[in-house]
Amino acid sequence: MIAAFALILVCQLFGEVVSELFDLPVPGPVIGLVLLFIGLLIKRNPPKVLTDAADNLLIHFSLLFVPAGVGVVTQIDRLKGDWLPIAAALIISTLLAMVLTALLMSKLLPKAKPGESLEDGQ
């Protein structure tokens with residue numbers, strides 16, 4: 001488990017280095033995530049320790065929202081002044097993400113033949 005977390009942190013570190021080295025507007029952790037994704041695509045099968053570590057992170061995923069919640073509370077005065085543009089951005093981006101996800105899913109999922117449900121073919 002420690003090796004898997006170390007791998008994740010090394011990918012994040014490389015992402016930070018790339019972001020700072022090339023002065024990119026993309027955060028280092030995002031670049032690290034892309035590097036990890038590319039590595040997993042090349043390997044084809046993720047190691048069991050990495051999937052176990054990811055499962056453990058997902059179990060405790062709600063804890064990762066605590067710092068964000070604290071940040072919202074500390075910025076409550078700014079939120080009171082700019083609530084309309086923030087709310088509009090949240091609503092529009094959520095709707096856009098839902099529409100784009102639906103379009104992508106409709107393109108990537110296999111089509112059912114007439115008279116056959118998707119469950120029958122799997």
# chains A, B, ... in the order shown; residues from 1 in each chain; ligands from 1
>>> select_by_dssp(residues="chain A", states="alpha helix (DSSP H)", output="PyMOL selection string")
chain A and resi 2-21+28-43+48-59+66-74+76-81+83-108
>>> write_last_selection(atoms="C-alpha atoms", output="PDB file, in the first residue's frame")
ATOM      1  CA  ILE A   2       2.834   2.408   0.814  1.00  0.00           C
ATOM      2  CA  ALA A   3       4.428   1.707  -2.575  1.00  0.00           C
ATOM      3  CA  ALA A   4       1.165   2.571  -4.337  1.00  0.00           C
ATOM      4  CA  PHE A   5       0.798   5.848  -2.441  1.00  0.00           C
ATOM      5  CA  ALA A   6       4.455   6.586  -3.179  1.00  0.00           C
ATOM      6  CA  LEU A   7       3.785   6.028  -6.901  1.00  0.00           C
ATOM      7  CA  ILE A   8       0.844   8.429  -6.784  1.00  0.00           C
ATOM      8  CA  LEU A   9       2.913  11.042  -4.970  1.00  0.00           C
ATOM      9  CA  VAL A  10       5.854  10.605  -7.378  1.00  0.00           C
ATOM     10  CA  CYS A  11       3.489  11.202 -10.311  1.00  0.00           C
ATOM     11  CA  GLN A  12       2.217  14.320  -8.550  1.00  0.00           C
ATOM     12  CA  LEU A  13       5.800  15.457  -7.945  1.00  0.00           C
ATOM     13  CA  PHE A  14       6.681  14.975 -11.619  1.00  0.00           C
ATOM     14  CA  GLY A  15       3.554  16.916 -12.522  1.00  0.00           C
ATOM     15  CA  GLU A  16       4.618  19.773 -10.256  1.00  0.00           C
ATOM     16  CA  VAL A  17       8.114  19.764 -11.764  1.00  0.00           C
ATOM     17  CA  VAL A  18       6.747  19.810 -15.326  1.00  0.00           C
ATOM     18  CA  SER A  19       4.271  22.566 -14.456  1.00  0.00           C
ATOM     19  CA  GLU A  20       6.962  24.756 -12.877  1.00  0.00           C
ATOM     20  CA  LEU A  21       9.651  23.937 -15.427  1.00  0.00           C
ATOM     21  CA  GLY A  28       0.948  20.001 -11.131  1.00  0.00           C
ATOM     22  CA  PRO A  29      -1.416  17.391  -9.664  1.00  0.00           C
ATOM     23  CA  VAL A  30      -3.453  17.418 -12.882  1.00  0.00           C
ATOM     24  CA  ILE A  31      -0.323  16.839 -14.956  1.00  0.00           C
ATOM     25  CA  GLY A  32       0.692  14.093 -12.521  1.00  0.00           C
ATOM     26  CA  LEU A  33      -2.711  12.466 -12.942  1.00  0.00           C
ATOM     27  CA  VAL A  34      -2.280  12.515 -16.716  1.00  0.00           C
ATOM     28  CA  LEU A  35       1.194  10.980 -16.346  1.00  0.00           C
ATOM     29  CA  LEU A  36      -0.220   8.236 -14.117  1.00  0.00           C
ATOM     30  CA  PHE A  37      -3.024   7.643 -16.623  1.00  0.00           C
ATOM     31  CA  ILE A  38      -0.540   7.344 -19.499  1.00  0.00           C
ATOM     32  CA  GLY A  39       1.547   4.925 -17.444  1.00  0.00           C
ATOM     33  CA  LEU A  40      -1.515   2.807 -16.733  1.00  0.00           C
ATOM     34  CA  LEU A  41      -2.473   2.824 -20.408  1.00  0.00           C
ATOM     35  CA  ILE A  42       0.992   1.585 -21.325  1.00  0.00           C
ATOM     36  CA  LYS A  43       0.983  -1.084 -18.615  1.00  0.00           C
ATOM     37  CA  LYS A  48      -3.194  -4.950  -7.460  1.00  0.00           C
ATOM     38  CA  VAL A  49      -1.559  -2.741  -4.820  1.00  0.00           C
ATOM     39  CA  LEU A  50      -2.486   0.352  -6.837  1.00  0.00           C
ATOM     40  CA  THR A  51      -6.119  -0.692  -7.191  1.00  0.00           C
ATOM     41  CA  ASP A  52      -6.268  -1.488  -3.465  1.00  0.00           C
ATOM     42  CA  ALA A  53      -4.838   1.930  -2.626  1.00  0.00           C
ATOM     43  CA  ALA A  54      -7.313   3.606  -4.974  1.00  0.00           C
ATOM     44  CA  ASP A  55     -10.175   1.702  -3.348  1.00  0.00           C
ATOM     45  CA  ASN A  56      -9.037   2.858   0.085  1.00  0.00           C
ATOM     46  CA  LEU A  57      -8.840   6.456  -1.134  1.00  0.00           C
ATOM     47  CA  LEU A  58     -12.346   6.211  -2.566  1.00  0.00           C
ATOM     48  CA  ILE A  59     -13.722   4.854   0.709  1.00  0.00           C
ATOM     49  CA  VAL A  66     -13.323  19.012   4.405  1.00  0.00           C
ATOM     50  CA  PRO A  67     -10.540  21.476   3.385  1.00  0.00           C
ATOM     51  CA  ALA A  68     -12.700  22.759   0.535  1.00  0.00           C
ATOM     52  CA  GLY A  69     -15.608  23.265   2.919  1.00  0.00           C
ATOM     53  CA  VAL A  70     -13.379  25.156   5.339  1.00  0.00           C
ATOM     54  CA  GLY A  71     -12.167  27.302   2.436  1.00  0.00           C
ATOM     55  CA  VAL A  72     -15.753  28.157   1.523  1.00  0.00           C
ATOM     56  CA  VAL A  73     -16.520  29.165   5.099  1.00  0.00           C
ATOM     57  CA  THR A  74     -13.428  31.386   5.287  1.00  0.00           C
ATOM     58  CA  ILE A  76     -18.092  33.703   3.005  1.00  0.00           C
ATOM     59  CA  ASP A  77     -17.832  37.499   2.583  1.00  0.00           C
ATOM     60  CA  ARG A  78     -16.608  37.106  -0.995  1.00  0.00           C
ATOM     61  CA  LEU A  79     -19.383  34.600  -1.676  1.00  0.00           C
ATOM     62  CA  LYS A  80     -22.003  37.044  -0.416  1.00  0.00           C
ATOM     63  CA  GLY A  81     -20.764  39.709  -2.823  1.00  0.00           C
ATOM     64  CA  TRP A  83     -22.975  34.826  -5.358  1.00  0.00           C
ATOM     65  CA  LEU A  84     -24.712  35.372  -8.710  1.00  0.00           C
ATOM     66  CA  PRO A  85     -21.699  34.801 -11.028  1.00  0.00           C
ATOM     67  CA  ILE A  86     -20.555  31.885  -8.855  1.00  0.00           C
ATOM     68  CA  ALA A  87     -23.990  30.265  -8.933  1.00  0.00           C
ATOM     69  CA  ALA A  88     -24.272  30.834 -12.690  1.00  0.00           C
ATOM     70  CA  ALA A  89     -20.847  29.291 -13.295  1.00  0.00           C
ATOM     71  CA  LEU A  90     -21.696  26.271 -11.144  1.00  0.00           C
ATOM     72  CA  ILE A  91     -25.046  25.667 -12.835  1.00  0.00           C
ATOM     73  CA  ILE A  92     -23.773  26.180 -16.388  1.00  0.00           C
ATOM     74  CA  SER A  93     -20.660  24.050 -15.892  1.00  0.00           C
ATOM     75  CA  THR A  94     -22.690  21.254 -14.264  1.00  0.00           C
ATOM     76  CA  LEU A  95     -25.221  21.230 -17.094  1.00  0.00           C
ATOM     77  CA  LEU A  96     -22.452  21.335 -19.697  1.00  0.00           C
ATOM     78  CA  ALA A  97     -20.633  18.435 -18.028  1.00  0.00           C
ATOM     79  CA  MET A  98     -23.850  16.396 -17.923  1.00  0.00           C
ATOM     80  CA  VAL A  99     -24.645  17.039 -21.579  1.00  0.00           C
ATOM     81  CA  LEU A 100     -21.104  16.270 -22.751  1.00  0.00           C
ATOM     82  CA  THR A 101     -21.013  13.093 -20.639  1.00  0.00           C
ATOM     83  CA  ALA A 102     -24.320  11.936 -22.114  1.00  0.00           C
ATOM     84  CA  LEU A 103     -23.097  12.612 -25.653  1.00  0.00           C
ATOM     85  CA  LEU A 104     -19.829  10.794 -25.030  1.00  0.00           C
ATOM     86  CA  MET A 105     -21.631   7.820 -23.463  1.00  0.00           C
ATOM     87  CA  SER A 106     -24.035   7.600 -26.400  1.00  0.00           C
ATOM     88  CA  LYS A 107     -21.064   7.475 -28.781  1.00  0.00           C
ATOM     89  CA  LEU A 108     -18.967   4.987 -26.787  1.00  0.00           C
TER      90      LEU A 108
END
>>> decode(residues="region 9-24 of chain A", atoms="N, CA, C and O atoms", output="PDB file, in the first residue's frame")
ATOM      1  N   LEU A   9       2.231   9.802  -5.351  1.00  0.00           N
ATOM      2  CA  LEU A   9       2.913  11.042  -4.970  1.00  0.00           C
ATOM      3  C   LEU A   9       4.070  11.377  -5.906  1.00  0.00           C
ATOM      4  O   LEU A   9       4.330  12.558  -6.185  1.00  0.00           O
ATOM      5  N   VAL A  10       4.775  10.364  -6.412  1.00  0.00           N
ATOM      6  CA  VAL A  10       5.854  10.605  -7.378  1.00  0.00           C
ATOM      7  C   VAL A  10       5.281  11.180  -8.673  1.00  0.00           C
ATOM      8  O   VAL A  10       5.845  12.115  -9.259  1.00  0.00           O
ATOM      9  N   CYS A  11       4.136  10.651  -9.114  1.00  0.00           N
ATOM     10  CA  CYS A  11       3.489  11.202 -10.311  1.00  0.00           C
ATOM     11  C   CYS A  11       3.083  12.655 -10.078  1.00  0.00           C
ATOM     12  O   CYS A  11       3.248  13.502 -10.951  1.00  0.00           O
ATOM     13  N   GLN A  12       2.573  12.949  -8.868  1.00  0.00           N
ATOM     14  CA  GLN A  12       2.217  14.320  -8.550  1.00  0.00           C
ATOM     15  C   GLN A  12       3.463  15.205  -8.527  1.00  0.00           C
ATOM     16  O   GLN A  12       3.438  16.333  -9.025  1.00  0.00           O
ATOM     17  N   LEU A  13       4.550  14.697  -7.975  1.00  0.00           N
ATOM     18  CA  LEU A  13       5.800  15.457  -7.945  1.00  0.00           C
ATOM     19  C   LEU A  13       6.294  15.755  -9.357  1.00  0.00           C
ATOM     20  O   LEU A  13       6.676  16.890  -9.670  1.00  0.00           O
ATOM     21  N   PHE A  14       6.275  14.743 -10.234  1.00  0.00           N
ATOM     22  CA  PHE A  14       6.681  14.975 -11.619  1.00  0.00           C
ATOM     23  C   PHE A  14       5.775  16.005 -12.286  1.00  0.00           C
ATOM     24  O   PHE A  14       6.228  16.837 -13.064  1.00  0.00           O
ATOM     25  N   GLY A  15       4.486  15.933 -11.981  1.00  0.00           N
ATOM     26  CA  GLY A  15       3.554  16.916 -12.522  1.00  0.00           C
ATOM     27  C   GLY A  15       3.889  18.320 -12.066  1.00  0.00           C
ATOM     28  O   GLY A  15       3.854  19.271 -12.852  1.00  0.00           O
ATOM     29  N   GLU A  16       4.225  18.460 -10.781  1.00  0.00           N
ATOM     30  CA  GLU A  16       4.618  19.773 -10.256  1.00  0.00           C
ATOM     31  C   GLU A  16       5.886  20.276 -10.932  1.00  0.00           C
ATOM     32  O   GLU A  16       5.986  21.455 -11.288  1.00  0.00           O
ATOM     33  N   VAL A  17       6.850  19.377 -11.121  1.00  0.00           N
ATOM     34  CA  VAL A  17       8.114  19.764 -11.764  1.00  0.00           C
ATOM     35  C   VAL A  17       7.853  20.216 -13.199  1.00  0.00           C
ATOM     36  O   VAL A  17       8.358  21.252 -13.639  1.00  0.00           O
ATOM     37  N   VAL A  18       7.053  19.452 -13.933  1.00  0.00           N
ATOM     38  CA  VAL A  18       6.747  19.810 -15.326  1.00  0.00           C
ATOM     39  C   VAL A  18       6.006  21.143 -15.379  1.00  0.00           C
ATOM     40  O   VAL A  18       6.303  22.002 -16.212  1.00  0.00           O
ATOM     41  N   SER A  19       5.048  21.324 -14.477  1.00  0.00           N
ATOM     42  CA  SER A  19       4.271  22.566 -14.456  1.00  0.00           C
ATOM     43  C   SER A  19       5.160  23.779 -14.171  1.00  0.00           C
ATOM     44  O   SER A  19       5.021  24.818 -14.816  1.00  0.00           O
ATOM     45  N   GLU A  20       6.067  23.645 -13.214  1.00  0.00           N
ATOM     46  CA  GLU A  20       6.962  24.756 -12.877  1.00  0.00           C
ATOM     47  C   GLU A  20       8.043  24.960 -13.936  1.00  0.00           C
ATOM     48  O   GLU A  20       8.377  26.088 -14.270  1.00  0.00           O
ATOM     49  N   LEU A  21       8.567  23.858 -14.462  1.00  0.00           N
ATOM     50  CA  LEU A  21       9.651  23.937 -15.427  1.00  0.00           C
ATOM     51  C   LEU A  21       9.222  24.638 -16.713  1.00  0.00           C
ATOM     52  O   LEU A  21       9.949  25.466 -17.265  1.00  0.00           O
ATOM     53  N   PHE A  22       8.021  24.313 -17.185  1.00  0.00           N
ATOM     54  CA  PHE A  22       7.531  24.892 -18.435  1.00  0.00           C
ATOM     55  C   PHE A  22       6.553  26.042 -18.209  1.00  0.00           C
ATOM     56  O   PHE A  22       5.943  26.519 -19.158  1.00  0.00           O
ATOM     57  N   ASP A  23       6.390  26.445 -16.951  1.00  0.00           N
ATOM     58  CA  ASP A  23       5.500  27.548 -16.584  1.00  0.00           C
ATOM     59  C   ASP A  23       4.110  27.369 -17.201  1.00  0.00           C
ATOM     60  O   ASP A  23       3.562  28.269 -17.836  1.00  0.00           O
ATOM     61  N   LEU A  24       3.540  26.180 -16.985  1.00  0.00           N
ATOM     62  CA  LEU A  24       2.235  25.855 -17.545  1.00  0.00           C
ATOM     63  C   LEU A  24       1.112  26.367 -16.645  1.00  0.00           C
ATOM     64  O   LEU A  24       1.265  26.421 -15.423  1.00  0.00           O
TER      65      LEU A  24
END
